[in-house]
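Student: Supplied structure: entry.cif, mmCIF, C-alpha atoms.
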```
data_protein
#
loop_
_atom_site.group_PDB
_atom_site.id
_atom_site.type_symbol
_atom_site.label_atom_id
_atom_site.label_comp_id
_atom_site.auth_asym_id
_atom_site.auth_seq_id
_atom_site.Cartn_x
_atom_site.Cartn_y
_atom_site.Cartn_z
ATOM 1 C CA GLU A 30 -13.522 9.375 -42.247
ATOM 2 C CA SER A 31 -16.808 10.768 -43.617
ATOM 3 C CA HIS A 32 -18.627 7.820 -41.996
ATOM 4 C CA ASN A 33 -17.097 8.793 -38.624
ATOM 5 C CA PHE A 34 -18.172 12.386 -39.154
ATOM 6 C CA VAL A 35 -21.773 11.360 -39.868
ATOM 7 C CA LEU A 36 -21.878 9.116 -36.780
ATOM 8 C CA ARG A 37 -20.612 11.934 -34.569
ATOM 9 C CA ALA A 38 -22.747 14.691 -36.103
ATOM 10 C CA LYS A 39 -26.065 13.885 -34.384
ATOM 11 C CA PRO A 40 -24.640 13.625 -30.850
ATOM 12 C CA GLN A 41 -22.633 16.811 -31.376
ATOM 13 C CA MET A 42 -25.719 18.664 -32.585
ATOM 14 C CA LEU A 43 -27.685 17.539 -29.508
ATOM 15 C CA LYS A 44 -24.852 18.562 -27.216
ATOM 16 C CA ASP A 45 -24.624 21.978 -28.869
ATOM 17 C CA GLN A 46 -28.362 22.403 -28.302
ATOM 18 C CA GLY A 47 -27.963 21.588 -24.601
ATOM 19 C CA LYS A 48 -30.088 18.433 -24.876
ATOM 20 C CA THR A 49 -28.016 16.389 -22.439
ATOM 21 C CA GLU A 50 -30.325 13.387 -22.031
ATOM 22 C CA GLU A 51 -30.822 13.057 -25.784
ATOM 23 C CA TRP A 52 -27.078 13.480 -26.281
ATOM 24 C CA ILE A 53 -26.379 10.597 -23.862
ATOM 25 C CA VAL A 54 -28.815 8.339 -25.733
ATOM 26 C CA ALA A 55 -27.277 9.291 -29.098
ATOM 27 C CA MET A 56 -23.756 8.677 -27.782
ATOM 28 C CA LYS A 57 -24.726 5.237 -26.494
ATOM 29 C CA GLU A 58 -26.322 4.414 -29.864
ATOM 30 C CA MET A 59 -23.158 5.563 -31.639
ATOM 31 C CA ILE A 60 -20.959 3.440 -29.348
ATOM 32 C CA ALA A 61 -23.173 0.373 -29.869
ATOM 33 C CA LEU A 62 -22.438 0.415 -33.615
ATOM 34 C CA ALA A 63 -18.712 -0.244 -33.084
ATOM 35 C CA PRO A 64 -17.472 -0.154 -29.469
ATOM 36 C CA ASP A 65 -13.790 -0.693 -30.322
ATOM 37 C CA SER A 66 -13.661 1.686 -33.273
ATOM 38 C CA GLU A 67 -12.171 5.164 -33.024
ATOM 39 C CA VAL A 68 -15.690 6.591 -32.848
ATOM 40 C CA GLY A 69 -16.682 4.127 -30.106
ATOM 41 C CA GLU A 70 -13.593 4.982 -28.093
ATOM 42 C CA ILE A 71 -14.174 8.721 -28.444
ATOM 43 C CA GLY A 72 -17.810 8.227 -27.448
ATOM 44 C CA MET A 73 -16.902 6.235 -24.345
ATOM 45 C CA GLN A 74 -14.319 8.827 -23.343
ATOM 46 C CA GLN A 75 -16.777 11.695 -23.778
ATOM 47 C CA LEU A 76 -19.422 9.907 -21.706
ATOM 48 C CA MET A 77 -16.774 9.094 -19.078
ATOM 49 C CA ALA A 78 -15.953 12.800 -18.856
ATOM 50 C CA HIS A 79 -19.654 13.628 -18.573
ATOM 51 C CA TYR A 80 -20.259 11.089 -15.807
ATOM 52 C CA ASN A 81 -17.037 12.074 -14.081
ATOM 53 C CA SER A 82 -18.492 15.543 -13.526
ATOM 54 C CA ALA A 83 -21.324 13.836 -11.621
ATOM 55 C CA GLY A 84 -18.904 11.921 -9.356
ATOM 56 C CA ASN A 85 -17.447 8.466 -8.779
ATOM 57 C CA GLU A 86 -20.792 6.691 -8.401
ATOM 58 C CA ALA A 87 -21.940 7.860 -11.842
ATOM 59 C CA VAL A 88 -18.635 6.761 -13.423
ATOM 60 C CA ASP A 89 -18.824 3.400 -11.648
ATOM 61 C CA ALA A 90 -22.370 2.799 -12.861
ATOM 62 C CA TYR A 91 -21.549 3.820 -16.434
ATOM 63 C CA THR A 92 -18.365 1.756 -16.728
ATOM 64 C CA LYS A 93 -20.063 -1.259 -15.154
ATOM 65 C CA GLU A 94 -22.805 -0.909 -17.769
ATOM 66 C CA LEU A 95 -20.159 -0.720 -20.526
ATOM 67 C CA VAL A 96 -18.483 -3.972 -19.474
ATOM 68 C CA GLU A 97 -21.835 -5.733 -19.107
ATOM 69 C CA LYS A 98 -22.890 -4.652 -22.616
ATOM 70 C CA TYR A 99 -19.492 -5.116 -24.280
ATOM 71 C CA PRO A 100 -17.527 -7.713 -22.263
ATOM 72 C CA GLU A 101 -15.182 -8.357 -25.202
ATOM 73 C CA SER A 102 -14.482 -4.694 -25.904
ATOM 74 C CA LYS A 103 -10.956 -3.584 -25.103
ATOM 75 C CA VAL A 104 -12.174 0.004 -24.730
ATOM 76 C CA ALA A 105 -15.056 -0.868 -22.386
ATOM 77 C CA ASN A 106 -12.708 -2.875 -20.173
ATOM 78 C CA TYR A 107 -10.147 -0.083 -20.291
ATOM 79 C CA CYS A 108 -12.799 2.453 -19.204
ATOM 80 C CA ARG A 109 -13.849 0.219 -16.303
ATOM 81 C CA GLY A 110 -10.216 -0.106 -15.279
ATOM 82 C CA PHE A 111 -9.778 3.637 -15.499
ATOM 83 C CA ALA A 112 -12.742 4.189 -13.148
ATOM 84 C CA PHE A 113 -10.855 2.194 -10.502
ATOM 85 C CA TYR A 114 -7.537 3.819 -11.440
ATOM 86 C CA ALA A 115 -9.026 7.287 -10.878
ATOM 87 C CA LYS A 116 -9.778 6.255 -7.287
ATOM 88 C CA SER A 117 -6.239 4.862 -6.844
ATOM 89 C CA ASP A 118 -7.724 1.367 -6.601
ATOM 90 C CA PHE A 119 -4.921 -0.100 -8.667
ATOM 91 C CA SER A 120 -5.587 -3.733 -7.760
ATOM 92 C CA ASN A 121 -9.104 -3.670 -9.239
ATOM 93 C CA ALA A 122 -7.965 -1.501 -12.146
ATOM 94 C CA ILE A 123 -5.385 -4.119 -13.164
ATOM 95 C CA THR A 124 -8.115 -6.724 -13.702
ATOM 96 C CA PHE A 125 -9.817 -4.638 -16.391
ATOM 97 C CA PHE A 126 -6.645 -3.246 -17.960
ATOM 98 C CA GLN A 127 -5.376 -6.818 -18.307
ATOM 99 C CA LYS A 128 -8.641 -7.848 -19.957
ATOM 100 C CA SER A 129 -8.232 -5.004 -22.468
ATOM 101 C CA VAL A 130 -4.732 -6.288 -23.276
ATOM 102 C CA GLU A 131 -5.944 -9.907 -23.557
ATOM 103 C CA ILE A 132 -8.446 -8.694 -26.161
ATOM 104 C CA ASP A 133 -5.812 -6.632 -28.010
ATOM 105 C CA PRO A 134 -2.167 -7.248 -27.030
ATOM 106 C CA ASP A 135 -1.170 -4.135 -29.022
ATOM 107 C CA TYR A 136 -3.542 -1.821 -27.122
ATOM 108 C CA ALA A 137 -0.914 0.610 -25.871
ATOM 109 C CA ASP A 138 -3.094 2.398 -23.302
ATOM 110 C CA GLY A 139 -4.072 -0.887 -21.685
ATOM 111 C CA VAL A 140 -0.480 -2.157 -21.697
ATOM 112 C CA TYR A 141 0.849 1.037 -20.133
ATOM 113 C CA ASN A 142 -1.762 1.153 -17.412
ATOM 114 C CA CYS A 143 -1.244 -2.496 -16.437
ATOM 115 C CA GLY A 144 2.398 -1.678 -15.834
ATOM 116 C CA TYR A 145 1.586 1.550 -14.066
ATOM 117 C CA CYS A 146 -0.860 -0.140 -11.667
ATOM 118 C CA TYR A 147 1.650 -2.839 -10.691
ATOM 119 C CA TYR A 148 4.276 -0.107 -10.343
ATOM 120 C CA GLN A 149 2.035 1.976 -8.060
ATOM 121 C CA ASN A 150 1.168 -1.086 -5.981
ATOM 122 C CA ALA A 151 4.883 -1.805 -5.565
ATOM 123 C CA LEU A 152 5.611 1.779 -4.492
ATOM 124 C CA GLU A 153 2.672 1.749 -2.070
ATOM 125 C CA LYS A 154 3.786 -1.553 -0.554
ATOM 126 C CA ALA A 155 7.349 -0.212 -0.204
ATOM 127 C CA ARG A 156 6.034 2.909 1.594
ATOM 128 C CA GLU A 157 3.841 0.760 3.808
ATOM 129 C CA ILE A 158 6.645 -1.515 4.943
ATOM 130 C CA SER A 159 9.157 1.313 5.386
ATOM 131 C CA GLY A 160 6.927 2.756 8.118
ATOM 132 C CA LYS A 161 6.490 -0.547 9.958
ATOM 133 C CA LYS A 162 8.706 -1.911 12.661
ATOM 134 C CA MET A 163 9.205 -5.514 11.683
ATOM 135 C CA LYS A 164 10.342 -7.865 14.375
ATOM 136 C CA SER A 165 12.008 -10.566 12.335
ATOM 137 C CA GLN A 166 14.343 -10.836 9.395
ATOM 138 C CA ALA A 167 11.909 -13.306 7.850
ATOM 139 C CA ALA A 168 9.089 -10.699 7.921
ATOM 140 C CA ILE A 169 11.381 -8.072 6.382
ATOM 141 C CA LYS A 170 12.495 -10.503 3.665
ATOM 142 C CA ALA A 171 8.884 -11.517 2.871
ATOM 143 C CA ALA A 172 7.831 -7.871 2.557
ATOM 144 C CA GLU A 173 10.818 -7.041 0.340
ATOM 145 C CA ASP A 174 10.068 -10.074 -1.837
ATOM 146 C CA GLU A 175 6.473 -8.896 -2.276
ATOM 147 C CA VAL A 176 7.646 -5.444 -3.417
ATOM 148 C CA LYS A 177 10.174 -7.035 -5.776
ATOM 149 C CA SER A 178 7.458 -9.322 -7.181
ATOM 150 C CA LEU A 179 5.149 -6.366 -7.918
ATOM 151 C CA PHE A 180 7.973 -4.504 -9.661
ATOM 152 C CA ALA A 181 8.772 -7.666 -11.651
ATOM 153 C CA LYS A 182 5.116 -7.862 -12.780
ATOM 154 C CA ALA A 183 5.247 -4.236 -13.954
ATOM 155 C CA ALA A 184 8.431 -4.663 -16.019
ATOM 156 C CA PRO A 185 7.074 -6.601 -19.032
ATOM 157 C CA TYR A 186 4.213 -4.151 -19.464
ATOM 158 C CA PHE A 187 6.510 -1.125 -19.585
ATOM 159 C CA GLU A 188 8.880 -3.025 -21.885
ATOM 160 C CA ARG A 189 5.970 -3.878 -24.181
ATOM 161 C CA TYR A 190 4.727 -0.295 -24.080
ATOM 162 C CA ARG A 191 8.217 0.813 -25.094
ATOM 163 C CA GLU A 192 7.967 -1.470 -28.144
ATOM 164 C CA LEU A 193 4.560 -0.080 -29.029
ATOM 165 C CA ASP A 194 5.386 3.605 -28.508
ATOM 166 C CA ASP A 195 9.070 4.453 -28.243
ATOM 167 C CA LYS A 196 8.540 8.097 -29.254
ATOM 168 C CA ASP A 197 8.037 9.320 -25.673
ATOM 169 C CA PRO A 198 10.651 7.755 -23.371
ATOM 170 C CA SER A 199 9.483 9.915 -20.460
ATOM 171 C CA LYS A 200 6.535 7.532 -20.018
ATOM 172 C CA TRP A 201 8.591 4.351 -19.673
ATOM 173 C CA ALA A 202 12.257 5.117 -18.955
ATOM 174 C CA SER A 203 11.821 6.469 -15.438
ATOM 175 C CA PRO A 204 9.574 3.647 -14.172
ATOM 176 C CA LEU A 205 11.802 1.057 -15.841
ATOM 177 C CA LYS A 206 14.869 2.517 -14.134
ATOM 178 C CA VAL A 207 13.165 2.214 -10.733
ATOM 179 C CA ILE A 208 11.887 -1.269 -11.550
ATOM 180 C CA TYR A 209 15.245 -2.564 -12.788
ATOM 181 C CA ASN A 210 17.012 -1.159 -9.721
ATOM 182 C CA ASN A 211 14.515 -2.875 -7.433
ATOM 183 C CA ILE A 212 14.649 -6.251 -9.143
ATOM 184 C CA GLY A 213 18.444 -6.254 -9.282
ATOM 185 C CA GLU A 214 18.976 -5.568 -12.993
ATOM 186 C CA LYS A 215 21.460 -2.725 -12.547
ATOM 187 C CA GLU A 216 22.788 -2.770 -16.121
ATOM 188 C CA LYS A 217 19.309 -2.332 -17.542
ATOM 189 C CA ALA A 218 18.649 0.437 -15.004
ATOM 190 C CA ALA A 219 21.806 2.243 -16.151
ATOM 191 C CA GLU A 220 20.685 1.947 -19.795
ATOM 192 C CA MET A 221 17.587 4.013 -18.951
ATOM 193 C CA ASP A 222 19.776 7.016 -18.093
ATOM 194 C CA ALA A 223 20.354 7.626 -21.804
ATOM 195 C CA TYR A 224 16.614 8.232 -22.204
ATOM 196 C CA LEU A 225 16.257 10.402 -19.118
ATOM 197 C CA ASN A 226 18.886 13.062 -19.906
#
```
Any chance you could give the structure as structure tokens?

Tutor:
Amino acid sequence: ESHNFVLRAKPQMLKDQGKTEEWIVAMKEMIALAPDSEVGEIGMQQLMAHYNSAGNEAVDAYTKELVEKYPESKVANYCRGFAFYAKSDFSNAITFFQKSVEIDPDYADGVYNCGYCYYQNALEKAREISGKKMKSQAAIKAAEDEVKSLFAKAAPYFERYRELDDKDPSKWASPLKVIYNNIGEKEKAAEMDAYLN
């Protein structure tokens, strides 16, 4: 704990003094010491917030740099995924969230966001096809199968997230209810009601 405090003291002092460029350098040095530590994660999140205020291009450049420097860091990959997620580019976000989970299967944030991206893609695809006039039953069936497949891909991530963090059912019960209903698991969908009331 005292080690973490010492690591964070210099960047905080620079930030308090309004020395933004020096603060950025100090944060990057702090992150480099242990990218997947609590201090590294906090540092990446603070720099993400800083670059976010400068716009999407700054966030893209920063998160790309993170993944290039720390390709085996769950946090760096998560941050890159989140840059895509923030732009509702769920397909690209999934790639990096999945990498974060490959590195650490118990990384709850990565697990949750994998599920959420598949879930959002399924909802988007369902909205897209509901507004189209499809000419054949085969086209309708193919589109419905694609939506069902995306929901099915989301399910194990939300189920895993539930195992990792069952304290807040509001994060997983509602999506799981929708998912189970859409993939034909009505009993499981009904079980979610106990967590939603």

Student: Could you list, as a list in words, every residue matched by the PyMOL selection byres ((chain A and resi 107) around 8) in this structure?

Tutor: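 Output from the PyMOL selection byres ((chain A and resi 107) around 8), applied to this file: Lys103, Val104, Ala105, Asn106, Cys108, Arg109, Gly110, Phe111, Phe125, Phe126, Lys128, Ser129 and Gly139 of chain A.
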
Student: Quick one: residues within 10 Å of region 212-215 of chain A, only C-alpha atoms counted, chain neighbours fewer than 6 positions away excluded, as an mmCIF file with C-alpha atoms, keeping the file's coordinate frame?

Tutor:
```cif
data_model
loop_
_atom_site.group_PDB
_atom_site.id
_atom_site.type_symbol
_atom_site.label_atom_id
_atom_site.label_comp_id
_atom_site.auth_asym_id
_atom_site.auth_seq_id
_atom_site.Cartn_x
_atom_site.Cartn_y
_atom_site.Cartn_z
ATOM 1 C CA ASP A 174 10.068 -10.074 -1.837
ATOM 2 C CA VAL A 176 7.646 -5.444 -3.417
ATOM 3 C CA LYS A 177 10.174 -7.035 -5.776
ATOM 4 C CA SER A 178 7.458 -9.322 -7.181
ATOM 5 C CA LEU A 179 5.149 -6.366 -7.918
ATOM 6 C CA PHE A 180 7.973 -4.504 -9.661
ATOM 7 C CA ALA A 181 8.772 -7.666 -11.651
ATOM 8 C CA ALA A 184 8.431 -4.663 -16.019
ATOM 9 C CA LYS A 206 14.869 2.517 -14.134
#
```

Student: So what do you get for CA of Lys48 (chain A) versus CA of Val68 (chain A), distance-wise?

Tutor: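 Distance between the two atoms: 20.3 Å.
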
Student: Rounded to one decimal, what separation in Å do you get between CA of Ala63 (chain A) and CA of Ser102 (chain A)?

Tutor: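 Taking CA of Ala63 (chain A) and CA of Ser102 (chain A), their separation equals 9.4 Å.
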
Student: At a cut-off of 12 Å, using all atoms listed in the file, what residues contact Ile53 (chain A)? Leave out same-chain residues fewer than 6 positions from it and give the result as a ChimeraX atom specification.

Tutor: /A:39-44,47,59-60,72-73,75-80,91

Student: Please evaluate the PyMOL selection byres ((chain A and resi 199) around 12) against the displayed coordinates and give the resulting residues as a list in words.

Tutor: Phe187, Tyr190, Arg191, Asp194, Asp195, Lys196, Asp197, Pro198, Lys200, Trp201, Ala202, Ser203, Pro204, Leu205, Lys206, Met221, Asp222, Ala223, Tyr224, Leu225 and Asn226 of chain A

Student: In Å, how far is it from CA of Ser120 (chain A) to CA of Ala83 (chain A)?

Tutor: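 That distance, rounded to one decimal, is 23.9 Å.
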
Student: Would you kindly identify which residues have an atom no farther than 8 Å from (-1.5, 1.3, -2.2), using only C-alpha atoms and the file's own coordinates, and write them out as JSON, numbers by chain?

Tutor: {"A": [117, 118, 119, 149, 150, 151, 152, 153, 154]}

Student: Which one is closest to Lys98 (chain A): A:Lys116, A:Lys161, A:Arg189, A:Lys57? Count only C-alpha atoms.

Tutor: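 Counting only C-alpha atoms, the residue closest to Lys98 (chain A) is A:Lys57.
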